[in-house]
$ cat coords_13.csv   # CSV, C-alpha atoms
chain,number,residue,atom,x,y,z
Q,1,MET,CA,-15.8,-24.6,32.9
Q,2,ARG,CA,-13.4,-26.2,30.5
Q,3,ILE,CA,-13.5,-29.1,28.1
Q,4,ILE,CA,-10.6,-31.4,29.0
Q,5,ASP,CA,-11.2,-34.4,26.8
Q,6,VAL,CA,-13.5,-35.7,24.0
Q,7,ARG,CA,-13.9,-39.4,23.5
Q,8,GLU,CA,-15.6,-41.3,20.7
Q,9,ARG,CA,-16.6,-44.9,20.1
Q,10,THR,CA,-18.2,-46.3,17.0
Q,11,LEU,CA,-20.9,-48.9,17.9
Q,12,PRO,CA,-23.2,-51.1,15.9
Q,13,ILE,CA,-27.0,-50.7,15.8
Q,14,ALA,CA,-27.4,-53.5,13.3
Q,15,SER,CA,-30.8,-54.9,12.7
Q,16,ALA,CA,-32.5,-57.1,10.1
Q,17,ILE,CA,-35.0,-54.4,9.2
Q,18,SER,CA,-35.1,-52.5,6.0
Q,19,ASN,CA,-37.1,-49.6,4.5
Q,20,ALA,CA,-37.7,-49.0,0.8
Q,21,TYR,CA,-34.2,-47.7,0.3
Q,22,ILE,CA,-31.7,-49.3,2.8
Q,23,ASP,CA,-31.2,-52.1,5.2
Q,24,PHE,CA,-29.8,-51.6,8.6
Q,25,SER,CA,-27.7,-54.8,8.9
Q,26,LYS,CA,-24.4,-52.8,8.9
Q,27,MET,CA,-25.5,-49.6,10.5
Q,28,THR,CA,-23.3,-47.9,13.1
Q,29,LEU,CA,-23.4,-44.8,15.2
Q,30,SER,CA,-20.8,-42.6,17.0
Q,31,LEU,CA,-21.1,-42.2,20.8
Q,32,VAL,CA,-19.2,-39.3,22.3
Q,33,ALA,CA,-18.3,-38.1,25.8
Q,34,VAL,CA,-17.3,-34.5,26.3
Q,35,VAL,CA,-15.5,-34.4,29.6
Q,36,THR,CA,-15.2,-31.1,31.5
Q,37,ASP,CA,-13.4,-29.9,34.6
Q,38,ALA,CA,-16.7,-29.0,36.3
Q,39,VAL,CA,-18.0,-31.0,39.2
Q,40,ARG,CA,-21.7,-31.1,40.2
Q,41,ASP,CA,-23.1,-33.0,43.2
Q,42,GLY,CA,-19.7,-34.7,43.7
Q,43,ARG,CA,-19.6,-36.0,40.1
Q,44,ARG,CA,-17.5,-34.7,37.2
Q,45,VAL,CA,-19.7,-33.2,34.5
Q,46,VAL,CA,-19.6,-35.2,31.3
Q,47,GLY,CA,-21.9,-34.5,28.4
Q,48,TYR,CA,-22.9,-37.4,26.1
Q,49,GLY,CA,-24.1,-37.4,22.5
Q,50,PHE,CA,-24.7,-39.8,19.6
Q,51,ASN,CA,-25.8,-39.5,16.0
Q,52,SER,CA,-29.4,-40.3,15.0
Q,53,ASN,CA,-30.2,-43.5,13.2
Q,54,GLY,CA,-30.2,-43.8,9.4
Q,55,ARG,CA,-26.6,-42.4,9.1
Q,56,TYR,CA,-23.4,-44.2,9.9
Q,57,GLY,CA,-21.0,-43.4,12.7
Q,58,GLN,CA,-18.6,-40.4,12.1
Q,59,GLY,CA,-15.6,-41.5,14.1
Q,60,GLY,CA,-13.1,-40.3,11.6
Q,61,LEU,CA,-14.5,-36.8,11.2
Q,62,ILE,CA,-15.0,-36.5,15.0
Q,63,ARG,CA,-11.5,-37.7,15.9
Q,64,GLU,CA,-9.5,-36.1,13.1
Q,65,ARG,CA,-11.3,-32.7,12.6
Q,66,PHE,CA,-13.9,-31.6,15.0
Q,67,ALA,CA,-12.8,-32.8,18.5
Q,68,PRO,CA,-9.2,-31.5,17.9
Q,69,ARG,CA,-10.6,-28.1,17.2
Q,70,LEU,CA,-12.5,-28.0,20.4
Q,71,LEU,CA,-9.5,-29.1,22.4
Q,72,ALA,CA,-7.2,-26.7,20.7
Q,73,ALA,CA,-9.4,-23.7,21.2
Q,74,ASP,CA,-8.5,-21.2,23.9
Q,75,PRO,CA,-10.7,-22.4,26.8
Q,76,ALA,CA,-11.8,-18.8,27.5
Q,77,SER,CA,-13.0,-18.4,23.9
Q,78,LEU,CA,-15.6,-21.1,24.5
Q,79,LEU,CA,-17.2,-19.4,27.6
Q,80,ASP,CA,-20.0,-16.9,27.9
Q,81,ALA,CA,-19.8,-13.7,30.0
Q,82,ALA,CA,-20.7,-15.7,33.1
Q,83,GLY,CA,-17.9,-18.2,32.6
Q,84,ARG,CA,-20.2,-21.0,31.4
Q,85,LEU,CA,-19.5,-23.2,28.5
Q,86,ASP,CA,-21.2,-21.6,25.5
Q,87,PRO,CA,-22.5,-24.1,22.9
Q,88,ASP,CA,-22.6,-21.5,20.2
Q,89,ARG,CA,-19.0,-20.6,20.7
Q,90,ALA,CA,-18.0,-24.3,20.8
Q,91,TRP,CA,-20.0,-24.8,17.6
Q,92,ALA,CA,-18.1,-21.9,15.9
Q,93,ALA,CA,-14.8,-23.4,17.0
Q,94,MET,CA,-15.7,-26.8,15.5
Q,95,MET,CA,-16.7,-25.2,12.2
Q,96,ARG,CA,-13.6,-22.9,11.9
Q,97,ASN,CA,-12.0,-23.3,8.5
Q,98,GLU,CA,-15.0,-25.1,7.0
Q,99,LYS,CA,-16.3,-23.9,3.6
Q,100,PRO,CA,-20.0,-23.2,3.1
Q,101,GLY,CA,-22.1,-26.0,1.6
Q,102,GLY,CA,-21.1,-29.6,1.5
Q,103,HIS,CA,-23.2,-30.4,4.5
Q,104,GLY,CA,-23.2,-34.2,4.1
Q,105,GLU,CA,-21.6,-36.2,6.8
Q,106,ARG,CA,-19.8,-33.4,8.6
Q,107,SER,CA,-23.2,-32.2,9.8
Q,108,VAL,CA,-23.7,-35.5,11.6
Q,109,ALA,CA,-20.3,-35.3,13.3
Q,110,VAL,CA,-20.9,-31.8,14.5
Q,111,GLY,CA,-24.4,-32.6,15.6
Q,112,THR,CA,-23.2,-35.5,17.7
Q,113,LEU,CA,-20.7,-33.3,19.6
Q,114,ASP,CA,-23.2,-30.5,19.9
Q,115,MET,CA,-25.6,-32.9,21.7
Q,116,ALA,CA,-22.9,-33.7,24.2
Q,117,ILE,CA,-22.0,-30.1,24.8
Q,118,TRP,CA,-25.6,-29.1,25.5
Q,119,ASP,CA,-25.9,-32.1,27.8
Q,120,ALA,CA,-22.9,-30.9,29.7
Q,121,VAL,CA,-24.1,-27.3,29.9
Q,122,ALA,CA,-27.5,-28.2,31.4
Q,123,LYS,CA,-25.9,-30.7,33.8
Q,124,ALA,CA,-23.5,-28.0,35.0
Q,125,GLU,CA,-26.5,-25.8,35.7
Q,126,GLY,CA,-28.2,-28.7,37.5
Q,127,VAL,CA,-31.4,-28.4,35.4
Q,128,PRO,CA,-33.1,-30.5,32.6
Q,129,LEU,CA,-32.1,-29.3,29.2
Q,130,PHE,CA,-35.7,-28.7,28.2
Q,131,ARG,CA,-36.1,-26.2,31.1
Q,132,LEU,CA,-32.9,-24.5,30.3
Q,133,LEU,CA,-34.0,-24.0,26.7
Q,134,ALA,CA,-37.4,-22.7,27.7
Q,135,SER,CA,-35.8,-20.3,30.2
Q,136,ARG,CA,-33.4,-18.9,27.6
Q,137,ALA,CA,-36.2,-18.5,25.1
Q,138,GLY,CA,-38.4,-16.7,27.6
Q,139,ARG,CA,-41.2,-19.3,27.4
Q,140,GLU,CA,-42.8,-21.8,29.7
Q,141,ALA,CA,-41.5,-25.3,29.4
Q,142,ASP,CA,-44.1,-28.0,28.8
Q,143,PRO,CA,-42.8,-31.5,29.9
Q,144,ARG,CA,-45.6,-33.3,28.2
Q,145,VAL,CA,-44.7,-34.1,24.6
Q,146,PHE,CA,-46.6,-35.9,21.8
Q,147,VAL,CA,-44.8,-39.0,20.4
Q,148,TYR,CA,-45.7,-41.4,17.7
Q,149,ALA,CA,-44.5,-45.0,17.2
Q,150,ALA,CA,-42.3,-45.5,14.1
Q,151,GLY,CA,-42.0,-49.1,12.8
Q,152,GLY,CA,-43.7,-51.1,10.1
Q,153,TYR,CA,-40.3,-52.0,8.4
Q,154,TYR,CA,-39.9,-54.6,5.8
Q,155,TYR,CA,-38.6,-57.8,7.6
Q,156,PRO,CA,-37.7,-61.0,5.8
Q,157,GLY,CA,-40.8,-63.2,5.9
Q,158,LYS,CA,-42.9,-60.6,7.6
Q,159,GLY,CA,-46.4,-60.5,6.2
Q,160,VAL,CA,-49.6,-58.4,6.8
Q,161,ASP,CA,-50.4,-60.4,10.0
Q,162,GLY,CA,-47.0,-59.6,11.5
Q,163,LEU,CA,-47.5,-55.9,10.6
Q,164,ARG,CA,-50.9,-55.9,12.2
Q,165,ALA,CA,-49.5,-57.5,15.4
Q,166,GLU,CA,-46.8,-54.9,15.5
Q,167,MET,CA,-49.3,-52.0,15.2
Q,168,ARG,CA,-51.5,-53.6,17.9
Q,169,SER,CA,-48.5,-53.6,20.2
Q,170,TYR,CA,-48.0,-49.9,19.8
Q,171,LEU,CA,-51.7,-49.2,20.6
Q,172,ASP,CA,-51.3,-51.4,23.7
Q,173,ARG,CA,-48.4,-49.2,24.8
Q,174,GLY,CA,-50.4,-46.0,24.6
Q,175,TYR,CA,-49.6,-44.6,21.2
Q,176,THR,CA,-52.3,-42.8,19.2
Q,177,VAL,CA,-50.3,-42.4,15.9
Q,178,VAL,CA,-48.3,-45.2,14.3
Q,179,LYS,CA,-46.1,-45.3,11.2
Q,180,MET,CA,-45.2,-47.9,8.7
Q,181,LYS,CA,-42.8,-48.1,5.7
Q,182,ILE,CA,-44.0,-48.1,2.1
Q,183,GLY,CA,-42.2,-47.8,-1.3
Q,184,ASN,CA,-41.7,-51.4,-2.5
Q,185,GLY,CA,-44.6,-51.1,-4.9
Q,186,ILE,CA,-48.3,-50.4,-4.6
Q,187,ALA,CA,-49.2,-54.0,-5.2
Q,188,GLU,CA,-47.3,-55.0,-2.1
Q,189,ASP,CA,-48.1,-51.9,0.0
Q,190,ARG,CA,-51.9,-51.6,-0.5
Q,191,PRO,CA,-52.7,-54.7,1.5
Q,192,ARG,CA,-50.2,-53.8,4.1
Q,193,ILE,CA,-51.8,-50.4,4.6
Q,194,GLU,CA,-55.3,-51.8,4.6
Q,195,GLY,CA,-54.3,-54.4,7.1
Q,196,ALA,CA,-52.7,-51.8,9.4
Q,197,LEU,CA,-55.7,-49.6,9.2
Q,198,LYS,CA,-58.1,-52.5,9.9
Q,199,GLU,CA,-56.0,-53.4,13.0
Q,200,ILE,CA,-55.9,-49.9,14.5
Q,201,GLY,CA,-59.5,-49.0,13.7
Q,202,GLY,CA,-60.5,-45.8,15.4
Q,203,GLN,CA,-57.9,-46.1,18.2
Q,204,ALA,CA,-55.1,-44.4,16.3
Q,205,ARG,CA,-54.0,-42.7,13.1
Q,206,LEU,CA,-51.6,-44.2,10.5
Q,207,ALA,CA,-48.7,-42.4,8.8
Q,208,VAL,CA,-46.7,-43.9,5.9
Q,209,ASP,CA,-43.1,-43.3,4.9
Q,210,ALA,CA,-41.5,-44.0,1.5
Q,211,ASN,CA,-38.0,-42.9,2.6
Q,212,GLY,CA,-37.3,-41.0,-0.6
Q,213,ARG,CA,-37.6,-44.0,-2.8
Q,214,LEU,CA,-40.1,-42.8,-5.4
Q,215,GLY,CA,-39.7,-40.8,-8.6
Q,216,LEU,CA,-42.4,-38.3,-9.5
Q,217,GLU,CA,-44.6,-40.6,-11.5
Q,218,GLU,CA,-44.6,-43.4,-8.9
Q,219,ALA,CA,-45.0,-40.8,-6.0
Q,220,VAL,CA,-48.1,-39.4,-7.7
Q,221,ALA,CA,-49.5,-43.0,-8.3
Q,222,TYR,CA,-49.0,-43.6,-4.6
Q,223,ALA,CA,-50.7,-40.3,-3.8
Q,224,ARG,CA,-53.7,-41.3,-5.8
Q,225,MET,CA,-53.9,-44.5,-3.9
Q,226,LEU,CA,-53.2,-43.0,-0.5
Q,227,ARG,CA,-55.8,-40.2,-0.6
Q,228,ASP,CA,-58.5,-42.9,-0.3
Q,229,TYR,CA,-57.3,-43.5,3.3
Q,230,PRO,CA,-57.5,-41.3,6.4
Q,231,LEU,CA,-53.7,-41.0,6.9
Q,232,PHE,CA,-51.9,-38.9,9.5
Q,233,TRP,CA,-49.2,-38.1,6.8
Q,234,TYR,CA,-47.5,-39.2,3.6
Q,235,GLU,CA,-43.8,-38.9,4.3
Q,236,GLU,CA,-40.7,-38.3,2.1
Q,237,ALA,CA,-42.0,-39.6,-1.2
Q,238,GLY,CA,-39.0,-38.6,-3.3
Q,239,ASP,CA,-35.4,-37.5,-3.0
Q,240,PRO,CA,-35.2,-35.0,-0.1
Q,241,LEU,CA,-33.5,-32.4,-2.3
Q,242,ASP,CA,-36.0,-32.7,-5.1
Q,243,TYR,CA,-38.1,-29.8,-4.1
Q,244,ALA,CA,-39.9,-29.7,-7.5
Q,245,LEU,CA,-41.1,-33.3,-6.9
Q,246,GLN,CA,-42.4,-32.4,-3.5
Q,247,ALA,CA,-44.2,-29.3,-4.8
Q,248,ALA,CA,-45.7,-31.2,-7.7
Q,249,LEU,CA,-46.9,-33.9,-5.3
Q,250,ALA,CA,-48.9,-31.3,-3.3
Q,251,GLU,CA,-51.1,-30.9,-6.4
Q,252,HIS,CA,-52.1,-34.6,-6.2
Q,253,TYR,CA,-52.3,-35.2,-2.5
Q,254,PRO,CA,-54.5,-33.0,-0.4
Q,255,GLY,CA,-53.8,-34.7,2.9
Q,256,PRO,CA,-50.9,-33.9,5.2
Q,257,MET,CA,-47.3,-34.6,4.0
Q,258,ALA,CA,-44.1,-34.7,5.9
Q,259,THR,CA,-40.4,-34.4,5.0
Q,260,GLY,CA,-37.1,-32.9,6.1
Q,261,GLU,CA,-35.3,-35.6,8.1
Q,262,ASN,CA,-32.6,-35.7,5.4
Q,263,LEU,CA,-32.0,-32.0,5.2
Q,264,PHE,CA,-28.9,-31.1,7.2
Q,265,SER,CA,-28.7,-27.3,7.4
Q,266,HIS,CA,-30.9,-24.3,7.8
Q,267,GLN,CA,-30.1,-23.3,4.2
Q,268,ASP,CA,-31.6,-26.6,2.9
Q,269,ALA,CA,-34.6,-26.2,5.2
Q,270,ARG,CA,-35.1,-22.7,3.9
Q,271,ASN,CA,-35.0,-24.0,0.3
Q,272,LEU,CA,-37.6,-26.6,1.1
Q,273,LEU,CA,-39.9,-24.0,2.5
Q,274,ARG,CA,-39.3,-21.7,-0.5
Q,275,HIS,CA,-39.6,-24.2,-3.2
Q,276,GLY,CA,-41.1,-27.5,-1.9
Q,277,GLY,CA,-44.7,-26.6,-2.0
Q,278,MET,CA,-45.1,-27.5,1.7
Q,279,ARG,CA,-48.3,-26.2,3.3
Q,280,PRO,CA,-48.1,-24.7,6.8
Q,281,ASP,CA,-51.7,-25.4,7.7
Q,282,ARG,CA,-51.4,-29.2,7.3
Q,283,ASP,CA,-47.8,-30.5,6.5
Q,284,TRP,CA,-45.0,-31.5,8.9
Q,285,LEU,CA,-41.3,-30.7,9.1
Q,286,GLN,CA,-39.0,-33.5,10.4
Q,287,PHE,CA,-35.5,-31.9,10.7
Q,288,ASP,CA,-33.3,-33.9,13.1
Q,289,CYS,CA,-30.8,-31.8,15.1
Q,290,ALA,CA,-28.5,-34.9,15.6
Q,291,LEU,CA,-28.0,-35.2,11.9
Q,292,SER,CA,-27.9,-31.5,11.1
Q,293,TYR,CA,-25.2,-29.8,13.1
Q,294,GLY,CA,-27.0,-29.9,16.4
Q,295,LEU,CA,-29.2,-27.6,18.4
Q,296,CYS,CA,-27.2,-24.5,17.6
Q,297,GLU,CA,-28.0,-25.0,13.9
Q,298,TYR,CA,-31.5,-26.2,14.7
Q,299,ARG,CA,-32.3,-22.9,16.3
Q,300,ARG,CA,-31.3,-21.2,13.0
Q,301,THR,CA,-33.6,-23.7,11.2
Q,302,LEU,CA,-36.4,-22.7,13.5
Q,303,ASP,CA,-35.8,-19.0,12.6
Q,304,CYS,CA,-36.2,-20.0,8.9
Q,305,VAL,CA,-39.4,-21.9,9.8
Q,306,ALA,CA,-40.8,-18.8,11.5
Q,307,ALA,CA,-39.7,-16.5,8.7
Q,308,ALA,CA,-41.6,-18.7,6.2
Q,309,GLY,CA,-44.8,-18.3,8.3
Q,310,TRP,CA,-44.7,-21.7,10.0
Q,311,SER,CA,-45.2,-22.5,13.6
Q,312,PRO,CA,-42.6,-24.6,15.4
Q,313,SER,CA,-45.5,-26.8,16.4
Q,314,ARG,CA,-45.5,-28.1,12.8
Q,315,CYS,CA,-42.0,-29.6,13.5
Q,316,ILE,CA,-41.9,-33.2,14.7
Q,317,PRO,CA,-38.2,-34.3,14.5
Q,318,HIS,CA,-37.0,-37.6,13.1
Q,319,GLY,CA,-34.8,-39.9,15.2
Q,320,GLY,CA,-36.6,-40.9,18.3
Q,321,HIS,CA,-33.9,-39.7,20.7
Q,322,GLN,CA,-34.1,-37.8,23.9
Q,323,MET,CA,-32.3,-34.7,22.6
Q,324,SER,CA,-35.3,-33.9,20.3
Q,325,LEU,CA,-37.7,-34.7,23.1
Q,326,ALA,CA,-35.9,-32.0,25.2
Q,327,ILE,CA,-36.1,-29.5,22.3
Q,328,ALA,CA,-39.8,-30.3,21.8
Q,329,ALA,CA,-40.6,-29.6,25.4
Q,330,GLY,CA,-38.3,-26.6,25.7
Q,331,LEU,CA,-39.0,-24.8,22.4
Q,332,GLY,CA,-42.6,-25.8,21.7
Q,333,LEU,CA,-42.3,-28.3,18.8
Q,334,GLY,CA,-45.2,-30.5,17.8
Q,335,GLY,CA,-43.7,-33.7,19.2
Q,336,ASN,CA,-41.1,-36.3,18.4
Q,337,GLU,CA,-40.7,-39.6,16.7
Q,338,SER,CA,-40.3,-42.8,18.8
Q,339,TYR,CA,-38.9,-46.3,18.1
Q,340,PRO,CA,-40.4,-48.5,20.7
Q,341,ASP,CA,-38.5,-51.7,19.7
Q,342,LEU,CA,-35.6,-50.5,17.6
Q,343,PHE,CA,-32.1,-48.9,17.9
Q,344,GLN,CA,-31.7,-49.7,21.6
Q,345,PRO,CA,-30.3,-48.6,23.9
Q,346,PHE,CA,-30.1,-45.2,22.2
Q,347,GLY,CA,-33.8,-44.8,21.4
Q,348,GLY,CA,-36.7,-44.5,23.8
Q,349,PHE,CA,-37.3,-42.7,27.1
Q,350,PRO,CA,-35.9,-42.7,30.6
Q,351,ASP,CA,-36.9,-45.7,32.7
Q,352,GLY,CA,-40.4,-45.4,34.1
Q,353,VAL,CA,-41.7,-43.0,31.4
Q,354,ARG,CA,-44.8,-44.4,29.8
Q,355,VAL,CA,-46.8,-43.3,26.8
Q,356,GLU,CA,-50.3,-42.1,27.8
Q,357,ASP,CA,-52.8,-41.0,25.2
Q,358,GLY,CA,-49.9,-40.5,22.7
Q,359,HIS,CA,-47.8,-38.3,25.0
Q,360,VAL,CA,-44.9,-38.7,27.4
Q,361,THR,CA,-44.0,-36.5,30.4
Q,362,LEU,CA,-40.3,-35.7,30.7
Q,363,PRO,CA,-38.9,-36.2,34.2
Q,364,ASP,CA,-36.8,-33.5,35.8
Q,365,LEU,CA,-33.4,-35.1,35.2
Q,366,PRO,CA,-30.4,-32.8,34.7
Q,367,GLY,CA,-29.1,-32.5,31.2
Q,368,ILE,CA,-30.8,-34.4,28.4
Q,369,GLY,CA,-31.8,-37.1,30.8
Q,370,PHE,CA,-29.6,-40.0,29.7
Q,371,GLU,CA,-28.9,-40.9,33.4
Q,372,GLY,CA,-32.5,-42.0,33.7
Q,373,LYS,CA,-32.1,-44.8,31.2
Q,374,ALA,CA,-30.1,-47.5,32.8
Q,375,ASP,CA,-29.0,-49.5,29.7
Q,376,LEU,CA,-28.0,-46.3,27.9
Q,377,ILE,CA,-26.1,-44.6,30.7
Q,378,ARG,CA,-24.2,-47.8,31.4
Q,379,VAL,CA,-22.8,-47.7,27.8
Q,380,MET,CA,-22.1,-44.0,28.1
Q,381,ARG,CA,-20.2,-44.2,31.4
Q,382,ASP,CA,-18.1,-47.1,30.0
Q,383,LEU,CA,-16.9,-44.6,27.3
Q,384,ALA,CA,-16.2,-41.8,29.8
Q,385,GLY,CA,-14.2,-44.1,32.1

$ encode --input "coords_13.csv" --output "structure tokens"
Amino acid sequence: MRIIDVRERTLPIASAISNAYIDFSKMTLSLVAVVTDAVRDGRRVVGYGFNSNGRYGQGGLIRERFAPRLLAADPASLLDAAGRLDPDRAWAAMMRNEKPGGHGERSVAVGTLDMAIWDAVAKAEGVPLFRLLASRAGREADPRVFVYAAGGYYYPGKGVDGLRAEMRSYLDRGYTVVKMKIGNGIAEDRPRIEGALKEIGGQARLAVDANGRLGLEEAVAYARMLRDYPLFWYEEAGDPLDYALQAALAEHYPGPMATGENLFSHQDARNLLRHGGMRPDRDWLQFDCALSYGLCEYRRTLDCVAAAGWSPSRCIPHGGHQMSLAIAAGLGLGGNESYPDLFQPFGGFPDGVRVEDGHVTLPDLPGIGFEGKADLIRVMRDLAG
């Protein structure tokens, strides 16, 4: 099995939404196709990948640095002993001549290509990626995965009534945990939180996400306000690399906290667990493989999680994409984020998959399962040609 071409296209996922830090009006992503010489069931095996929302497309890095290294590598050097494409060897080829540190945007470029490579590997085997991962890990795959609905963004002109209607729509679709944005100030956010809680009542739990907007003093002020409410979690109060802030916050907020979506390497994840005051009995880790060098690196991150005494079931990745769903089902994570109405066609589930009691059941589609989502695979096949 040999990689014969890598294609990339930068596409808009623009939206009028904003969180406490950024708006998404100019947001883009990179879509890639890794074309192989393998044929399965009469169709050439092509793996697809894209970067998660919240970071921009990485076309320059992909086209100028990482894809050329894949294509220039000796094809035999990318194969395992059985002659199958080896994602870890492909990852090493992409990262050749890269210095340690400086994870930044290159982690997004590599994570995008890594997704496509894993998709191709599972398709060549004719199995869903989640079953392939479980088999290689020596565990039983569970296709039923917890998902929560992420939304509650700041929209121009959107008030509490609009937020309540949005939260109600998620309950109507089967979600039992919903999330909203905070961070524009307690005076604005308190009535939004109380409105959302009143709307969902006892049917669901509410999580809140500050997107790293707050300094320590304001994060603590929010914590004192938030601990009056029965929240599912308080997410990313301060800068993702300010581990001292996160540790200090734990002294003021006894409820569950969540962070990690903007940490892009296993080293940063390890530092969070060493120095961030995170509590393995109640807190949540949100590392997103599509932003952090892909699944090959995510497995190293899970090794750090285990070494720090955490269960992988405390990991609920950011991003709302099918790659993390496959990892959750295959490696026993605690669930996955979901964007029911945003970032389409890249978010969401295969057609026909419904949320029931806060969970989805993954279908047995080869690879990551992109072929089961008609609007998405149409865009992907247009790139592959």

$ closest_atom_pairs --input "coords_13.csv" --of "segment 97-127 of chain Q" --to "segment 266-280 of chain Q" --cutoff "12 Å" --atoms "all atoms listed in the file" --output "Markdown table"
| residue | atom | partner | partner_atom | distance |
| --- | --- | --- | --- | --- |
| Q:Pro100 | CA | Q:Gln267 | CA | 10.2 |
| Q:Gly101 | CA | Q:Gln267 | CA | 8.8 |
| Q:Gly102 | CA | Q:Asp268 | CA | 11.0 |
| Q:His103 | CA | Q:Asp268 | CA | 9.4 |
| Q:Gly104 | CA | Q:Asp268 | CA | 11.4 |
| Q:Ser107 | CA | Q:His266 | CA | 11.2 |

$ atom_distance --input "coords_13.csv" --atom1 "atom CA of Ser324 of chain Q" --atom2 "atom CA of Pro254 of chain Q"
28.2 Å

$ residues_around --input "coords_13.csv" --residues "Arg224 of chain Q" --least-positions-apart "4" --cutoff "9 Å" --atoms "only C-alpha atoms" --output "number ranges by chain"
Q: 219-220, 228, 252-253

$ closest_residue --input "coords_13.csv" --among "Q:Ala165, Q:Ala290, Q:Val208, Q:Ile200" --to "Thr259 of chain Q" --atoms "all atoms listed in the file"
Q:Val208

$ residues_around --input "coords_13.csv" --residues "segment 314-319 of chain Q" --least-positions-apart "5" --cutoff "10 Å" --atoms "all atoms listed in the file" --output "NGL selection string"
:Q and (51-54 or 146-148 or 150 or 258-262 or 280-291 or 302 or 305 or 324-325 or 327-328 or 332-339 or 343 or 346-348)

$ atom_distance --input "coords_13.csv" --atom1 "atom CA of Met95 of chain Q" --atom2 "atom CA of Phe50 of chain Q"
18.2 Å

$ closest_residue --input "coords_13.csv" --among "Q:Ala374, Q:Leu197, Q:Val145, Q:Leu342" --to "Arg164 of chain Q" --atoms "only C-alpha atoms"
Q:Leu197

$ closest_residue --input "coords_13.csv" --among "Q:Ala326, Q:Ala38, Q:Ala207, Q:Leu331" --to "Pro366 of chain Q" --atoms "all atoms listed in the file"
Q:Ala326

$ decode --input "coords_13.csv" --residues "segment 14-25 of chain Q" --atoms "N, CA and C atoms" --output "PDB file, in the first residue's frame"
ATOM      1  N   ALA Q  14     -17.145  29.957   7.746  1.00  0.00           N
ATOM      2  CA  ALA Q  14     -17.514  31.248   8.327  1.00  0.00           C
ATOM      3  C   ALA Q  14     -18.909  31.203   8.939  1.00  0.00           C
ATOM      4  N   SER Q  15     -19.053  31.936  10.049  1.00  0.00           N
ATOM      5  CA  SER Q  15     -20.337  32.033  10.734  1.00  0.00           C
ATOM      6  C   SER Q  15     -20.359  33.341  11.508  1.00  0.00           C
ATOM      7  N   ALA Q  16     -21.533  33.832  11.792  1.00  0.00           N
ATOM      8  CA  ALA Q  16     -21.681  35.094  12.531  1.00  0.00           C
ATOM      9  C   ALA Q  16     -21.507  34.908  14.030  1.00  0.00           C
ATOM     10  N   ILE Q  17     -21.217  33.701  14.481  1.00  0.00           N
ATOM     11  CA  ILE Q  17     -21.111  33.443  15.916  1.00  0.00           C
ATOM     12  C   ILE Q  17     -19.806  33.985  16.471  1.00  0.00           C
ATOM     13  N   SER Q  18     -19.782  34.147  17.801  1.00  0.00           N
ATOM     14  CA  SER Q  18     -18.544  34.504  18.491  1.00  0.00           C
ATOM     15  C   SER Q  18     -18.580  33.905  19.884  1.00  0.00           C
ATOM     16  N   ASN Q  19     -17.377  33.657  20.430  1.00  0.00           N
ATOM     17  CA  ASN Q  19     -17.273  33.324  21.835  1.00  0.00           C
ATOM     18  C   ASN Q  19     -16.685  34.538  22.540  1.00  0.00           C
ATOM     19  N   ALA Q  20     -16.206  34.364  23.748  1.00  0.00           N
ATOM     20  CA  ALA Q  20     -15.715  35.514  24.501  1.00  0.00           C
ATOM     21  C   ALA Q  20     -14.390  36.046  23.971  1.00  0.00           C
ATOM     22  N   TYR Q  21     -13.758  35.285  23.054  1.00  0.00           N
ATOM     23  CA  TYR Q  21     -12.432  35.686  22.587  1.00  0.00           C
ATOM     24  C   TYR Q  21     -12.402  36.006  21.100  1.00  0.00           C
ATOM     25  N   ILE Q  22     -13.032  35.192  20.263  1.00  0.00           N
ATOM     26  CA  ILE Q  22     -12.927  35.357  18.814  1.00  0.00           C
ATOM     27  C   ILE Q  22     -14.303  35.278  18.166  1.00  0.00           C
ATOM     28  N   ASP Q  23     -14.380  35.853  16.946  1.00  0.00           N
ATOM     29  CA  ASP Q  23     -15.550  35.573  16.127  1.00  0.00           C
ATOM     30  C   ASP Q  23     -15.118  34.642  14.997  1.00  0.00           C
ATOM     31  N   PHE Q  24     -16.092  34.012  14.375  1.00  0.00           N
ATOM     32  CA  PHE Q  24     -15.822  32.973  13.389  1.00  0.00           C
ATOM     33  C   PHE Q  24     -16.128  33.436  11.956  1.00  0.00           C
ATOM     34  N   SER Q  25     -16.211  34.741  11.755  1.00  0.00           N
ATOM     35  CA  SER Q  25     -16.646  35.249  10.461  1.00  0.00           C
ATOM     36  C   SER Q  25     -15.625  35.001   9.349  1.00  0.00           C
TER      37      SER Q  25
END
